[in-house]
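Down below is the structure, laid out as structure tokens.
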Amino acid sequence: MPRPLIEIRRYLAELSVSTRAGWNRFFFAPADPTALGLIRAAVGLLAFWSLLVMGLDLDAYLGSGGWESAELAWSSLRPFAWSFWFLVGDAWLRPAWIGCLVVLLFFTLGIFSRTTSVLSWMIVVSTVRRAPAALFGFDQIVSMLLLYLAATGASGQAFALDRYWRRWREAKRTIRAIPARYRKDGLGRAVEPDTPGLPAATVSANLALRLIQIHLVMIYAIAGLAKLQGVSWWNGEAVWRMMATGEFVMFDFTPLARWPMALSALTHGSLALELVYPALIWPRLTRPIMLTGVACLHVGIAVVNPGLSEFALVMIAANLAFVPGLYVRRLAIAHEQPAVRVLFDGACPRCRGWMALLTAADPCHVLAAVDLTAVDVRTVHPALTEAGCLKAMHAVTASGRVTAGFDALRAILLRLPLFWPVALLGYFPGVAWAGRIGYNRYAASRPRDVPCTDSVCGIHSRTSPPAARDRSRSHAPNNATAIQEDS
Amino acid sequence: MSRRARAGVESRIDAPAGDGAPGGSGPGWPPWACRLAGVAIVVHLSALLAGVMGVAPASPLERAAMEWFGPYHAFFDLGYSYRFYIEPPPTPVAVATLHFDDGRPDETVRLPAREIRGPRMRHQRELALAHSLFVDARQAKEQTGDISQSRLARSYADRICQIRPGCEMVVWRVVQHLIPDRDQVRDALDSPGAGRFDLFDDSLFATPEWIGDFPCHGR
């Protein structure tokens, strides 16, 4: 064979091998599902919000006699297009709408994620098909993201209640097996679940992230290229035209007419961003610049046209597909770990239960659980006393701040993203006051595995029944009996 | 470029967004699954490309591809062109004049309404309704030569007849809300005693375009 042909053949073979390897590495290497979990939560919430808002005019959009009648919308459907809203009679419209909201809420929270992701996609597509006249960009992006989350089934692999409940169940199982696992150094994190705290990288997560990434790149590329047809993008007037569209704006931007240079810079800058995004979003070095740029662009669009706020938010959420999961977690979690040491009573079943609840929500090990029955509490913090710690849960932050009881619980919840809403509730006026009373009553009535024989243990009004006490003694860990003997 | 250097570049560019997962790595997919998924990805990406390229101005090839993937787009709700704000246009506003058979004075319904309570998204949906009516009316005129053949206008009119008892006839018009020229606004703002520039000034609304008279009874 002539040498040039050999070279061509070798080149083609190398090209084929490299392409296949690159393709597999790009689509089928496992990836961290953390960003995907966040996208699920954000998209679910926005889809929930959109349907909730539509519910204010439910009959006008989804009723048979809506703006676009069911008959007209049905006749306009393209072959293979579908919508379950055509099957829902007017009498069942409100119950069906409520059912859809429940599904979207479950999806947002990550409950039965695989099923609810498919159902959520069906809800959004059905709504789009039933009321196409009321459609705008937001619906297109939500539908696109839900398609990938549903098709890959990976959306519940992180930031999902499904995952939290599984870890909590495991933690509770661990607690039941505690006598066998009891060690001289106390329970510590023995109350935590067996499943690793941080989600494992998976191929399905990577596939979903890659498809979102490619779709996003395509959107920005075509949006940028298409704008090159518009004169106003060349003469620097486009942003002004948006700001001066009376039907869109809520704020008065007309004084900016005196700043043509600024308006031109905004126009050219946003167009340039859309044009370079498809290339510069991939290299790690330029990725943060691109992400910051598009975040500013979408926030700007939302400020100019508040009706597009949801569109801006869903585009920002979609861009999370380019953010490494590790970075997302670092944003939510304090840098120093453990951030809080939690002193709990390892001889108290309720306390162990609470620790299981907390550690299940602590994949990043922000908490360090310390069983006070096994340590000298003064080694944790000199201000602590054993008697005080037995009365209530204590939390010691990395900076040395000590809180107890309800305040400790609030400080702990504040460190766990899953419980942020609950923790913030604790700062409302009156809630802390009631919380402290409730906590103290609850703590005073908690049972322990060991019978109380001293004044400190006397705070617990309920002791184990004799049979249970014998059983607990027979399984009693060394350190628990040690406390009894000491006292 | 050496093989190692090339590999370094590739890893910097191609690394998955979620690389370096601290929770370890799950099992990979078997080769047959990768191959199957690979075919699906190729089909899907081709469909996306056909969707974004298939709208005007498009070549016969692009239009054919768009048509070919039509059922796929329809089933999965894809095929959008994503050409947002190519040229920020005047905003079409739909205005309905309601005539009543009981002697009540005429009423006007505006889409989008000037003041809508609640979330701003409601306003955005009404903007979309008005834009859809405008597009549908244009298409009706192009296809039949009669703008009043707009099916969407008929449907919108039926909606109004339904929610406004006693309404005898709905007259739909579309008016373009124009965007003021920047120099015009600057001059207006710089003129002595000028206050804020009113984006809803009458001069910024084009002559209303009649779409049709739609009686509520005897359709």
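In the structure tokens, each chain is lettered A, B, ... as it comes, each chain's residues begin at 1, and ligands are numbered from 1 in order of appearance.
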key: 8 Å contact set for B:Phe200, only C-alpha atoms, chain neighbours under 3 positions out, as a count of residues only   = 3
Residues within 9 Å of stretch 153-167 of chain A, only C-alpha atoms, excluding chain neighbours under 5 positions, as a ChimeraX atom specification = /A:32-41,107-115,117-118,148,172,192-200,202-208,356-357,359-361,418
For stretch 158-170 of chain B, please output as a short mmCIF file (atom, residue, chain, number, x, y, z; two decimals) with all heavy atoms, in the first residue's frame all residues within 8 Å (counting only C-alpha atoms; exclusion window: fewer than 5 positions along the same chain).
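This is the output file part.cif:
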data_model
loop_
_atom_site.label_atom_id
_atom_site.label_comp_id
_atom_site.auth_asym_id
_atom_site.auth_seq_id
_atom_site.Cartn_x
_atom_site.Cartn_y
_atom_site.Cartn_z
N ALA A 60 -59.06 29.87 33.45
CA ALA A 60 -58.72 30.67 32.27
C ALA A 60 -57.65 29.99 31.42
O ALA A 60 -57.56 30.23 30.21
CB ALA A 60 -58.23 32.04 32.70
N GLY A 65 -63.24 26.06 28.81
CA GLY A 65 -63.58 27.35 28.21
C GLY A 65 -62.55 28.41 28.52
O GLY A 65 -62.90 29.58 28.71
N GLY A 66 -61.31 28.02 28.58
CA GLY A 66 -60.23 28.97 28.88
C GLY A 66 -59.95 29.90 27.71
O GLY A 66 -60.64 29.84 26.67
N TRP A 67 -58.94 30.75 27.87
CA TRP A 67 -58.58 31.65 26.78
C TRP A 67 -58.42 30.84 25.48
O TRP A 67 -58.96 31.20 24.45
CB TRP A 67 -57.27 32.37 27.08
CG TRP A 67 -57.39 33.44 28.12
CD1 TRP A 67 -56.86 33.43 29.37
CD2 TRP A 67 -58.10 34.68 28.00
NE1 TRP A 67 -57.19 34.59 30.04
CE2 TRP A 67 -57.96 35.39 29.21
CE3 TRP A 67 -58.85 35.28 27.00
CZ2 TRP A 67 -58.52 36.65 29.45
CZ3 TRP A 67 -59.41 36.54 27.21
CH2 TRP A 67 -59.24 37.20 28.43
N SER A 69 -59.49 27.56 24.09
CA SER A 69 -60.43 26.49 24.47
C SER A 69 -59.77 25.11 24.29
O SER A 69 -58.85 24.96 23.47
CB SER A 69 -61.68 26.57 23.60
OG SER A 69 -61.35 26.28 22.26
N ALA B 96 -60.00 44.20 23.77
CA ALA B 96 -61.34 43.74 23.41
C ALA B 96 -62.35 44.79 23.86
O ALA B 96 -62.30 45.26 24.99
CB ALA B 96 -61.64 42.40 24.07
N THR B 97 -63.24 45.13 22.94
CA THR B 97 -64.33 46.03 23.31
C THR B 97 -65.59 45.17 23.44
O THR B 97 -65.94 44.42 22.52
CB THR B 97 -64.53 47.11 22.24
OG1 THR B 97 -63.27 47.73 22.02
CG2 THR B 97 -65.53 48.15 22.69
N LEU B 98 -66.23 45.27 24.59
CA LEU B 98 -67.40 44.43 24.87
C LEU B 98 -68.68 45.25 24.70
O LEU B 98 -68.82 46.32 25.33
CB LEU B 98 -67.34 43.91 26.32
CG LEU B 98 -66.42 42.73 26.63
CD1 LEU B 98 -64.97 43.03 26.28
CD2 LEU B 98 -66.51 42.38 28.11
N HIS B 99 -69.58 44.78 23.85
CA HIS B 99 -70.89 45.42 23.69
C HIS B 99 -71.92 44.56 24.41
O HIS B 99 -71.91 43.33 24.28
CB HIS B 99 -71.27 45.52 22.20
CG HIS B 99 -70.26 46.30 21.39
ND1 HIS B 99 -70.06 47.65 21.56
CD2 HIS B 99 -69.39 45.91 20.43
CE1 HIS B 99 -69.11 48.06 20.73
NE2 HIS B 99 -68.69 47.01 20.04
N PHE B 100 -72.81 45.23 25.15
CA PHE B 100 -73.81 44.49 25.94
C PHE B 100 -75.20 44.68 25.33
O PHE B 100 -75.51 45.75 24.78
CB PHE B 100 -73.80 44.97 27.39
CG PHE B 100 -72.52 44.63 28.09
CD1 PHE B 100 -71.44 45.52 28.09
CD2 PHE B 100 -72.37 43.41 28.73
CE1 PHE B 100 -70.26 45.21 28.72
CE2 PHE B 100 -71.17 43.10 29.36
CZ PHE B 100 -70.11 44.00 29.36
N ASP B 101 -76.01 43.62 25.45
CA ASP B 101 -77.35 43.71 24.86
C ASP B 101 -78.35 44.39 25.79
O ASP B 101 -79.47 44.65 25.38
CB ASP B 101 -77.84 42.31 24.46
CG ASP B 101 -77.74 41.32 25.60
OD1 ASP B 101 -77.43 41.76 26.73
OD2 ASP B 101 -77.93 40.12 25.37
N ASP B 102 -77.97 44.67 27.02
CA ASP B 102 -78.92 45.27 27.96
C ASP B 102 -78.71 46.78 28.13
O ASP B 102 -79.18 47.38 29.08
CB ASP B 102 -78.82 44.58 29.32
CG ASP B 102 -77.40 44.56 29.85
OD1 ASP B 102 -76.53 45.22 29.22
OD2 ASP B 102 -77.13 43.90 30.86
N ASP B 213 -65.08 41.11 14.70
CA ASP B 213 -66.23 41.24 15.59
C ASP B 213 -66.74 39.83 15.86
O ASP B 213 -67.06 39.10 14.91
CB ASP B 213 -67.35 42.06 14.92
CG ASP B 213 -66.89 43.48 14.62
OD1 ASP B 213 -65.81 43.87 15.11
OD2 ASP B 213 -67.60 44.18 13.88
N PHE B 214 -66.84 39.47 17.11
CA PHE B 214 -67.23 38.10 17.44
C PHE B 214 -68.49 38.11 18.30
O PHE B 214 -68.43 38.44 19.49
CB PHE B 214 -66.08 37.39 18.18
CG PHE B 214 -64.83 37.32 17.37
CD1 PHE B 214 -63.83 38.28 17.51
CD2 PHE B 214 -64.63 36.30 16.45
CE1 PHE B 214 -62.68 38.23 16.75
CE2 PHE B 214 -63.48 36.25 15.68
CZ PHE B 214 -62.50 37.22 15.83
N PRO B 215 -69.64 37.77 17.71
CA PRO B 215 -70.87 37.76 18.49
C PRO B 215 -70.85 36.63 19.53
O PRO B 215 -70.26 35.57 19.29
CB PRO B 215 -71.97 37.52 17.44
CG PRO B 215 -71.29 37.07 16.22
CD PRO B 215 -69.85 37.42 16.30
N CYS B 216 -71.49 36.89 20.66
CA CYS B 216 -71.48 35.88 21.72
C CYS B 216 -72.52 34.79 21.48
O CYS B 216 -72.39 33.68 21.98
CB CYS B 216 -71.75 36.55 23.07
SG CYS B 216 -70.35 37.51 23.65
N HIS B 217 -73.59 35.13 20.77
CA HIS B 217 -74.65 34.13 20.55
C HIS B 217 -74.69 33.73 19.09
O HIS B 217 -74.29 34.49 18.22
CB HIS B 217 -76.01 34.72 20.96
CG HIS B 217 -75.98 35.31 22.32
ND1 HIS B 217 -75.84 34.55 23.45
CD2 HIS B 217 -76.03 36.60 22.74
CE1 HIS B 217 -75.83 35.34 24.50
NE2 HIS B 217 -75.93 36.59 24.10
#
task = Can you check which residues of stretch 370-436 of chain A DSSP gives as alpha helix (DSSP H) on the backbone and send them as an NGL selection string?
result = :A and (377-380 or 386-391 or 405-413 or 420-425 or 431-436)
Go ahead and dump the residues you just picked, N, CA and C atoms, as a PDB file, in the first residue's frame.
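So the final result, stored in selection_24.pdb, reads:
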ATOM      1  N   VAL A 377     -16.262  15.607  80.443  1.00  0.00           N
ATOM      2  CA  VAL A 377     -16.763  16.720  79.628  1.00  0.00           C
ATOM      3  C   VAL A 377     -15.866  17.949  79.717  1.00  0.00           C
ATOM      4  N   ARG A 378     -15.078  18.056  80.788  1.00  0.00           N
ATOM      5  CA  ARG A 378     -14.195  19.232  80.922  1.00  0.00           C
ATOM      6  C   ARG A 378     -13.078  19.214  79.879  1.00  0.00           C
ATOM      7  N   THR A 379     -12.790  18.036  79.344  1.00  0.00           N
ATOM      8  CA  THR A 379     -11.777  17.988  78.277  1.00  0.00           C
ATOM      9  C   THR A 379     -12.331  18.555  76.972  1.00  0.00           C
ATOM     10  N   VAL A 380     -13.659  18.546  76.836  1.00  0.00           N
ATOM     11  CA  VAL A 380     -14.280  19.128  75.640  1.00  0.00           C
ATOM     12  C   VAL A 380     -14.286  20.650  75.764  1.00  0.00           C
ATOM     13  N   GLU A 386     -20.534  17.803  84.238  1.00  0.00           N
ATOM     14  CA  GLU A 386     -21.266  16.584  83.909  1.00  0.00           C
ATOM     15  C   GLU A 386     -22.745  16.731  84.267  1.00  0.00           C
ATOM     16  N   ALA A 387     -22.987  17.367  85.422  1.00  0.00           N
ATOM     17  CA  ALA A 387     -24.375  17.535  85.850  1.00  0.00           C
ATOM     18  C   ALA A 387     -25.150  18.367  84.836  1.00  0.00           C
ATOM     19  N   GLY A 388     -24.542  19.437  84.372  1.00  0.00           N
ATOM     20  CA  GLY A 388     -25.189  20.312  83.387  1.00  0.00           C
ATOM     21  C   GLY A 388     -25.440  19.577  82.087  1.00  0.00           C
ATOM     22  N   CYS A 389     -24.454  18.798  81.661  1.00  0.00           N
ATOM     23  CA  CYS A 389     -24.591  18.089  80.387  1.00  0.00           C
ATOM     24  C   CYS A 389     -25.662  17.012  80.460  1.00  0.00           C
ATOM     25  N   LEU A 390     -25.827  16.422  81.634  1.00  0.00           N
ATOM     26  CA  LEU A 390     -26.861  15.394  81.768  1.00  0.00           C
ATOM     27  C   LEU A 390     -28.263  16.002  81.744  1.00  0.00           C
ATOM     28  N   LYS A 391     -28.337  17.266  82.092  1.00  0.00           N
ATOM     29  CA  LYS A 391     -29.659  17.912  82.080  1.00  0.00           C
ATOM     30  C   LYS A 391     -30.117  18.233  80.663  1.00  0.00           C
ATOM     31  N   GLY A 405     -29.329  22.991  75.652  1.00  0.00           N
ATOM     32  CA  GLY A 405     -30.769  22.807  75.498  1.00  0.00           C
ATOM     33  C   GLY A 405     -31.275  23.254  74.142  1.00  0.00           C
ATOM     34  N   PHE A 406     -32.368  24.028  74.164  1.00  0.00           N
ATOM     35  CA  PHE A 406     -32.993  24.469  72.911  1.00  0.00           C
ATOM     36  C   PHE A 406     -32.015  25.275  72.062  1.00  0.00           C
ATOM     37  N   ASP A 407     -31.225  26.116  72.725  1.00  0.00           N
ATOM     38  CA  ASP A 407     -30.268  26.951  71.974  1.00  0.00           C
ATOM     39  C   ASP A 407     -29.207  26.089  71.287  1.00  0.00           C
ATOM     40  N   ALA A 408     -28.812  25.009  71.961  1.00  0.00           N
ATOM     41  CA  ALA A 408     -27.836  24.091  71.357  1.00  0.00           C
ATOM     42  C   ALA A 408     -28.443  23.424  70.125  1.00  0.00           C
ATOM     43  N   LEU A 409     -29.699  22.995  70.277  1.00  0.00           N
ATOM     44  CA  LEU A 409     -30.374  22.330  69.165  1.00  0.00           C
ATOM     45  C   LEU A 409     -30.487  23.280  67.970  1.00  0.00           C
ATOM     46  N   ARG A 410     -30.826  24.525  68.252  1.00  0.00           N
ATOM     47  CA  ARG A 410     -30.954  25.526  67.192  1.00  0.00           C
ATOM     48  C   ARG A 410     -29.604  25.768  66.500  1.00  0.00           C
ATOM     49  N   ALA A 411     -28.542  25.838  67.325  1.00  0.00           N
ATOM     50  CA  ALA A 411     -27.206  26.059  66.753  1.00  0.00           C
ATOM     51  C   ALA A 411     -26.783  24.884  65.868  1.00  0.00           C
ATOM     52  N   ILE A 412     -27.174  23.674  66.290  1.00  0.00           N
ATOM     53  CA  ILE A 412     -26.821  22.477  65.510  1.00  0.00           C
ATOM     54  C   ILE A 412     -27.594  22.469  64.186  1.00  0.00           C
ATOM     55  N   LEU A 413     -28.898  22.734  64.280  1.00  0.00           N
ATOM     56  CA  LEU A 413     -29.737  22.701  63.070  1.00  0.00           C
ATOM     57  C   LEU A 413     -29.275  23.742  62.053  1.00  0.00           C
ATOM     58  N   TRP A 420     -32.098  23.986  57.889  1.00  0.00           N
ATOM     59  CA  TRP A 420     -32.041  25.450  57.948  1.00  0.00           C
ATOM     60  C   TRP A 420     -33.412  26.095  58.177  1.00  0.00           C
ATOM     61  N   PRO A 421     -34.438  25.669  57.425  1.00  0.00           N
ATOM     62  CA  PRO A 421     -35.743  26.320  57.637  1.00  0.00           C
ATOM     63  C   PRO A 421     -36.234  26.172  59.082  1.00  0.00           C
ATOM     64  N   VAL A 422     -36.030  24.979  59.662  1.00  0.00           N
ATOM     65  CA  VAL A 422     -36.475  24.749  61.044  1.00  0.00           C
ATOM     66  C   VAL A 422     -35.664  25.638  61.988  1.00  0.00           C
ATOM     67  N   ALA A 423     -34.352  25.698  61.744  1.00  0.00           N
ATOM     68  CA  ALA A 423     -33.488  26.497  62.623  1.00  0.00           C
ATOM     69  C   ALA A 423     -33.887  27.972  62.575  1.00  0.00           C
ATOM     70  N   LEU A 424     -34.192  28.448  61.382  1.00  0.00           N
ATOM     71  CA  LEU A 424     -34.566  29.863  61.250  1.00  0.00           C
ATOM     72  C   LEU A 424     -35.880  30.158  61.968  1.00  0.00           C
ATOM     73  N   LEU A 425     -36.774  29.156  61.965  1.00  0.00           N
ATOM     74  CA  LEU A 425     -38.028  29.318  62.712  1.00  0.00           C
ATOM     75  C   LEU A 425     -37.743  29.603  64.185  1.00  0.00           C
ATOM     76  N   VAL A 431     -40.727  32.028  69.714  1.00  0.00           N
ATOM     77  CA  VAL A 431     -40.471  30.608  69.449  1.00  0.00           C
ATOM     78  C   VAL A 431     -39.364  30.096  70.381  1.00  0.00           C
ATOM     79  N   ALA A 432     -38.313  30.921  70.553  1.00  0.00           N
ATOM     80  CA  ALA A 432     -37.200  30.502  71.422  1.00  0.00           C
ATOM     81  C   ALA A 432     -37.691  30.325  72.859  1.00  0.00           C
ATOM     82  N   TRP A 433     -38.527  31.238  73.307  1.00  0.00           N
ATOM     83  CA  TRP A 433     -39.045  31.173  74.684  1.00  0.00           C
ATOM     84  C   TRP A 433     -39.847  29.875  74.876  1.00  0.00           C
ATOM     85  N   ALA A 434     -40.771  29.619  73.935  1.00  0.00           N
ATOM     86  CA  ALA A 434     -41.585  28.406  74.031  1.00  0.00           C
ATOM     87  C   ALA A 434     -40.716  27.169  73.831  1.00  0.00           C
ATOM     88  N   GLY A 435     -39.744  27.277  72.946  1.00  0.00           N
ATOM     89  CA  GLY A 435     -38.861  26.152  72.659  1.00  0.00           C
ATOM     90  C   GLY A 435     -38.053  25.728  73.874  1.00  0.00           C
ATOM     91  N   ARG A 436     -37.569  26.715  74.604  1.00  0.00           N
ATOM     92  CA  ARG A 436     -36.773  26.394  75.801  1.00  0.00           C
ATOM     93  C   ARG A 436     -37.629  25.659  76.835  1.00  0.00           C
TER      94      ARG A 436
END
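You can rank A:Val294, A:Met315, A:Leu280, A:Cys351 by their closest distance to A:Met144 using only C-alpha atoms, and at the top of that list sits A:Met315.
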Which residues, written as a PDB file with N, CA, C and O atoms, in the first residue's frame, have at least one atom at most 9 Å from A:Asp90, with only C-alpha atoms counted and residues fewer than 4 positions away on the same chain left out?
ATOM      1  N   ASP A  59     -59.095  28.210  35.628  1.00  0.00           N
ATOM      2  CA  ASP A  59     -60.107  28.004  34.611  1.00  0.00           C
ATOM      3  C   ASP A  59     -59.741  28.728  33.304  1.00  0.00           C
ATOM      4  O   ASP A  59     -60.029  28.249  32.220  1.00  0.00           O
ATOM      5  N   LEU A  62     -56.554  26.324  31.988  1.00  0.00           N
ATOM      6  CA  LEU A  62     -56.680  24.879  31.827  1.00  0.00           C
ATOM      7  C   LEU A  62     -58.131  24.411  31.691  1.00  0.00           C
ATOM      8  O   LEU A  62     -58.379  23.235  31.412  1.00  0.00           O
ATOM      9  N   GLY A  63     -59.071  25.299  31.933  1.00  0.00           N
ATOM     10  CA  GLY A  63     -60.484  24.921  31.813  1.00  0.00           C
ATOM     11  C   GLY A  63     -60.883  24.743  30.351  1.00  0.00           C
ATOM     12  O   GLY A  63     -60.229  25.279  29.445  1.00  0.00           O
ATOM     13  N   SER A  64     -61.981  24.021  30.138  1.00  0.00           N
ATOM     14  CA  SER A  64     -62.405  23.764  28.753  1.00  0.00           C
ATOM     15  C   SER A  64     -62.761  25.068  28.037  1.00  0.00           C
ATOM     16  O   SER A  64     -62.606  25.184  26.828  1.00  0.00           O
ATOM     17  N   GLY A  65     -63.239  26.056  28.808  1.00  0.00           N
ATOM     18  CA  GLY A  65     -63.581  27.347  28.208  1.00  0.00           C
ATOM     19  C   GLY A  65     -62.551  28.408  28.515  1.00  0.00           C
ATOM     20  O   GLY A  65     -62.901  29.578  28.708  1.00  0.00           O
ATOM     21  N   ARG A  94     -59.658  21.470  39.736  1.00  0.00           N
ATOM     22  CA  ARG A  94     -58.997  21.906  40.977  1.00  0.00           C
ATOM     23  C   ARG A  94     -58.348  20.725  41.721  1.00  0.00           C
ATOM     24  O   ARG A  94     -57.179  20.825  42.118  1.00  0.00           O
TER      25      ARG A  94
END
Quick one: everything within 7 Å of stretch 235-240 of chain A, counting only C-alpha atoms, minus sequence neighbours fewer than 2 positions away in the same chain. Send it as a PDB file with N, CA, C and O atoms, in the first residue's frame.
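The result, written out as part-v8.pdb:
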ATOM      1  N   VAL A 231     -30.413  44.396  14.030  1.00  0.00           N
ATOM      2  CA  VAL A 231     -29.648  45.641  13.895  1.00  0.00           C
ATOM      3  C   VAL A 231     -29.324  46.235  15.266  1.00  0.00           C
ATOM      4  O   VAL A 231     -28.216  46.734  15.498  1.00  0.00           O
ATOM      5  N   SER A 232     -30.281  46.148  16.182  1.00  0.00           N
ATOM      6  CA  SER A 232     -30.089  46.812  17.482  1.00  0.00           C
ATOM      7  C   SER A 232     -28.941  46.199  18.290  1.00  0.00           C
ATOM      8  O   SER A 232     -28.418  46.840  19.190  1.00  0.00           O
ATOM      9  N   TRP A 233     -28.570  44.962  17.952  1.00  0.00           N
ATOM     10  CA  TRP A 233     -27.422  44.355  18.655  1.00  0.00           C
ATOM     11  C   TRP A 233     -26.109  44.873  18.083  1.00  0.00           C
ATOM     12  O   TRP A 233     -25.065  44.757  18.700  1.00  0.00           O
ATOM     13  N   MET A 242     -35.103  47.094  25.408  1.00  0.00           N
ATOM     14  CA  MET A 242     -35.752  46.273  26.451  1.00  0.00           C
ATOM     15  C   MET A 242     -36.143  47.143  27.644  1.00  0.00           C
ATOM     16  O   MET A 242     -37.208  46.993  28.224  1.00  0.00           O
ATOM     17  N   MET A 243     -35.230  48.072  27.995  1.00  0.00           N
ATOM     18  CA  MET A 243     -35.480  48.909  29.169  1.00  0.00           C
ATOM     19  C   MET A 243     -36.609  49.913  28.931  1.00  0.00           C
ATOM     20  O   MET A 243     -37.199  50.408  29.881  1.00  0.00           O
ATOM     21  N   ALA A 244     -36.861  50.207  27.667  1.00  0.00           N
ATOM     22  CA  ALA A 244     -37.890  51.207  27.349  1.00  0.00           C
ATOM     23  C   ALA A 244     -39.178  50.556  26.853  1.00  0.00           C
ATOM     24  O   ALA A 244     -40.035  51.217  26.293  1.00  0.00           O
ATOM     25  N   LEU A 263     -25.183  51.947  27.758  1.00  0.00           N
ATOM     26  CA  LEU A 263     -26.178  51.076  27.113  1.00  0.00           C
ATOM     27  C   LEU A 263     -25.537  50.229  26.022  1.00  0.00           C
ATOM     28  O   LEU A 263     -25.833  49.033  25.889  1.00  0.00           O
ATOM     29  N   SER A 264     -24.637  50.857  25.273  1.00  0.00           N
ATOM     30  CA  SER A 264     -23.941  50.101  24.212  1.00  0.00           C
ATOM     31  C   SER A 264     -23.067  49.012  24.825  1.00  0.00           C
ATOM     32  O   SER A 264     -23.015  47.880  24.322  1.00  0.00           O
ATOM     33  N   LEU A 266     -23.476  47.480  27.637  1.00  0.00           N
ATOM     34  CA  LEU A 266     -24.338  46.384  28.118  1.00  0.00           C
ATOM     35  C   LEU A 266     -24.820  45.518  26.955  1.00  0.00           C
ATOM     36  O   LEU A 266     -24.851  44.280  27.055  1.00  0.00           O
ATOM     37  N   THR A 267     -25.171  46.154  25.866  1.00  0.00           N
ATOM     38  CA  THR A 267     -25.649  45.407  24.688  1.00  0.00           C
ATOM     39  C   THR A 267     -24.550  44.510  24.128  1.00  0.00           C
ATOM     40  O   THR A 267     -24.733  43.301  23.961  1.00  0.00           O
ATOM     41  N   HIS A 268     -23.392  45.132  23.873  1.00  0.00           N
ATOM     42  CA  HIS A 268     -22.302  44.348  23.272  1.00  0.00           C
ATOM     43  C   HIS A 268     -21.783  43.297  24.244  1.00  0.00           C
ATOM     44  O   HIS A 268     -21.431  42.182  23.839  1.00  0.00           O
TER      45      HIS A 268
ATOM     46  N   PRO B  88     -35.498  43.301  19.821  1.00  0.00           N
ATOM     47  CA  PRO B  88     -36.598  43.621  20.754  1.00  0.00           C
ATOM     48  C   PRO B  88     -37.685  44.426  20.045  1.00  0.00           C
ATOM     49  O   PRO B  88     -37.439  45.555  19.612  1.00  0.00           O
TER      50      PRO B  88
END
All residues 10 Å or closer to B:Ala37, only C-alpha atoms, same chain fewer than 5 positions away omitted, as a compact mmCIF listing (two decimals) with N, CA and C atoms, in the first residue's frame:
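Result written to out.txt:
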# COMPACT_ATOMS: atom_id res chain seq x y z
N PHE A 27 -19.33 11.12 28.42
CA PHE A 27 -20.71 10.77 28.79
C PHE A 27 -20.82 9.69 29.86
N PHE A 28 -19.86 8.79 29.93
CA PHE A 28 -20.07 7.60 30.76
C PHE A 28 -19.09 7.46 31.92
N LEU A 207 -24.50 11.64 33.00
CA LEU A 207 -25.28 11.72 31.76
C LEU A 207 -26.25 12.90 31.82
N TRP B 29 -21.18 1.62 33.71
CA TRP B 29 -22.20 0.91 32.94
C TRP B 29 -21.52 -0.15 32.07
N PRO B 31 -20.67 -2.23 28.67
CA PRO B 31 -20.47 -1.69 27.31
C PRO B 31 -21.74 -1.63 26.50
N TRP B 32 -22.59 -2.68 26.59
CA TRP B 32 -23.81 -2.66 25.76
C TRP B 32 -24.71 -1.49 26.15
N VAL B 42 -27.02 10.37 20.37
CA VAL B 42 -26.81 10.89 19.01
C VAL B 42 -28.14 11.32 18.40
N VAL B 43 -29.16 10.47 18.56
CA VAL B 43 -30.48 10.80 18.01
C VAL B 43 -31.01 12.07 18.66
message = With distances taken over only C-alpha atoms, which residue among A:Trp97, A:Trp282, A:Tyr427, A:Trp49 lies nearest chain B?
response = A:Trp282
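Shortest separation to chain A among B:Val93, B:Leu45, B:Ala74, B:Ala137 occurs at residue B:Ala74, atoms counted being only C-alpha atoms.
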message = List the spatial neighbours of A:Ala133 as JSON, numbers by chain - criterion: any atom at most 10 Å away, only C-alpha atoms, same-chain residues fewer than 6 positions off excluded.
response = {"A": [61, 67, 68, 73], "B": [125, 126, 127, 128, 129, 130, 131, 132, 133, 136, 152]}
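For stretch 274-380 of chain A, a DSSP pass over the backbone yields strand (DSSP E or B) at Val340, Arg341, Val342, Leu343, Phe344, Leu367, Ala368, Ala369, Val370 and Asp371 of chain A.
Using only C-alpha atoms, the nearest neighbour of A:Met393 within the list A:Val342, A:Arg3, A:Pro417, A:Cys364 is A:Val342.
For the set A:Ile98, A:Val17, A:Ile175, A:Val323, the residue with the smallest atom-to-atom gap to chain B is A:Val323, counting only C-alpha atoms.
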